[in-house]
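What follows is a short report on a single structure.
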Amino acid sequence: MKFTKMHGCGNDYVYINLFEENIEDAPALSVKVSDRHFGIGSDGLITIGPSDVADFRMRIYNADGSEAEMCGNGIRCVAKYVYDHKLTDKTEISVESGAGIKYLTLFVENGKVAQVRVDMGEPILDPKEIPVIADGDRVVDQPISVGGREWRMTCVSMGNPHAVVFVEDVASFEIEKYGPDFERHSRFPKRTNTEFVQLISREEIAMRVWERGSNETWACGTGTCACVMACILNKYTDNRVLVHLRGGDLTIEYDPDTNHIFMTGPATEVFQGEWV
């Protein structure tokens, strides 16, 4: 089976082209290839295949084999793959995901995709749809007890659930201590991704993410969008924010007229290989 290793800001996945390859058990395969000691090493597996409703379809499997609805860094890499590998010559494409159809703009340099802008759609704030167990029609700056401490969280879904928590210093934050407890907290029926955010200015934040099913990852596109929406809901930032992640930077823009969030960032192919 041929594969391609790609990453968006260090959020790395193994990509399989289903136009050429067949996979019998994608969840089990994701567990094997994701292992950083005995496999290829990645945050998960992403398949690229045909769609009846869009130009392409992507499916995302976490490192533990669970399927995710959406991956912002992953979908940018899908765009780069289909253009660079000549599955399309369009610079405006649509991709079907578990969170619906997303629309992407590809920025090409020297015949290769360098940056991708993704219309990530509308943020979901209804607790039942995120899902998170809470009273009221939004979870903004609400208390939660995790790991023997009291926190304040804001919850947003970008097709997948996110709990955003503001901290003073992300670099020294004990994410491996608190991340698992947030992920599996009883208030999150489908578990949750958790973003720990440091405010820098009204146009700039820093973030680390504990990703559901994959532990800490170096970036999370949907999480970055959720963070900026949480900042706006708490009146901490303006509508266009530069977000610093462990693996690089993403620019997030919220358009209040359409209630859509747009994400712009890089996509990188690392290498191609064959799994035997």
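Chain lettering (A, B, ...) mirrors the order of the structure tokens, residue numbering begins at 1 for each chain separately, and ligand numbering begins at 1 in order of display.
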
Counting only C-alpha atoms, which residues of segment 123-142 of chain A sit at most 9 Å from some atom of segment 146-159 of chain A, and what is each one's closest atom pair with its distance in Å to one decimal, listed by chain and rising residue number, as a tab-separated table?
```
residue	atom	partner	partner_atom	distance
A:Pro123	CA	A:Met158	CA	5.4
A:Ile124	CA	A:Ser157	CA	4.9
A:Leu125	CA	A:Val156	CA	5.3
A:Asp126	CA	A:Val156	CA	8.2
A:Pro127	CA	A:Cys155	CA	7.7
A:Glu129	CA	A:Ser157	CA	7.7
A:Ile130	CA	A:Ser157	CA	5.0
A:Pro131	CA	A:Ser157	CA	7.9
A:Val132	CA	A:Cys155	CA	7.7
A:Arg138	CA	A:Cys155	CA	7.8
A:Val139	CA	A:Thr154	CA	5.4
A:Val140	CA	A:Thr154	CA	4.3
A:Asp141	CA	A:Met153	CA	5.0
A:Gln142	CA	A:Arg152	CA	5.2
```

Residues within 9 Å of segment 105-111 of chain A, please, as a PyMOL selection string. Count only C-alpha atoms; anything in the same chain fewer than 2 positions from it doesn't count.
chain A and resi 76+79-80+83-84+90-93+103+113-119

If you run DSSP on the backbone here, which positions in segment 15-240 of chain A get strand (DSSP E)? Please write them as a ChimeraX atom specification.
/A:15-17,44-49,56-62,67-68,92-97,100-109,112-119,142-146,149-157,161-166,193-201,204-211,215-217,240

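For the residues A:Ile23, A:Val167, A:Glu69, A:Ala54, ranking by smallest atom-to-atom distance to Leu104 of chain A using only C-alpha atoms places A:Ala54 first.
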
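By chain and then residue number, the residues within 10 Å of Asn11 of chain A are A:Met6, A:Ser42, A:Asp43, A:Gly44, A:Cys71, A:Gly72, A:Asn73, A:Gly74, A:Glu216, A:Thr217, A:Trp218, A:Ala219, A:Cys220, A:Gly221, A:Leu245, A:Arg246, A:Gly247, A:Gly248, A:Ala267, counting only C-alpha atoms and disregarding those fewer than 5 positions away in sequence.
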
Applying 6 Å and only C-alpha atoms, which residues near Ile261 of chain A remain after dropping the ones on its own chain fewer than 4 positions away? List them as a list in words.
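Near neighbours after the sequence-gap exclusion: Met120, Gly121, Glu253 and Tyr254 of chain A.
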
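From atom CA of Met207 of chain A back to atom CA of Thr4 of chain A, the distance works out to 27.4 Å.
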
Long-range neighbours of Lys235 of chain A as a ChimeraX atom specification, 12 Å cut-off, only C-alpha atoms, 3 positions minimum in chain:
/A:140-141,199,201-203,228-232,238-239

If we count only C-alpha atoms, what is near segment 26-38 of chain A at a cut-off of 8 Å, once residues fewer than 6 positions away on the same chain are taken out, given as a list in words?
Tyr13, Val14, Gly44, Leu45, Tyr61, Asn62, Ala63, Asp64, Gly65, Ser66 and Glu67 of chain A

Quick one: everything within 12 Å of His85 of chain A, counting only C-alpha atoms, minus sequence neighbours fewer than 3 positions away in the same chain. Send it as a count of residues only.
17

May I ask for the distance between atom CA of Glu204 of chain A and atom CA of Ala68 of chain A, given in Å to one decimal place?
27.7 Å

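Closest approach to Gly41 of chain A from the set A:Ser186, A:Asn193, A:Asn160, A:Ser214 is made by A:Ser214, with distances taken over only C-alpha atoms.
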
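Straight-line separation from atom CA of Arg212 of chain A to atom CA of Gly10 of chain A: 16.5 Å.
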
Going by DSSP on the backbone, which residues of segment 162-214 of chain A come out as helix (DSSP H, G or I)? List them as a PyMOL selection string.
chain A and resi 175-183

Between A:Asn22, A:Asn215, A:Thr224, A:Asn234, which residue has the minimum interatomic distance to Phe182 of chain A, considering only C-alpha atoms?
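Counting only C-alpha atoms, the residue closest to Phe182 of chain A is A:Asn215.
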
Please determine, counting only C-alpha atoms, which residue among A:Phe188, A:Ala171, A:Gly223, A:Ile200 has the shortest atom-to-atom distance to Leu250 of chain A.
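Of all the options, A:Gly223 lies closest to Leu250 of chain A.
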
Would you please work out which residue, of A:Glu168, A:Gly136, A:Ile101, A:Ile40, is nearest to Lys5 of chain A when using only C-alpha atoms?
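That would be A:Ile40, the residue with the smallest distance to Lys5 of chain A.
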
Would you mind telling me which residue in A:Val276, A:Ala99, A:Leu242, A:Val165 lies nearest to Met70 of chain A when using only C-alpha atoms?
A:Ala99
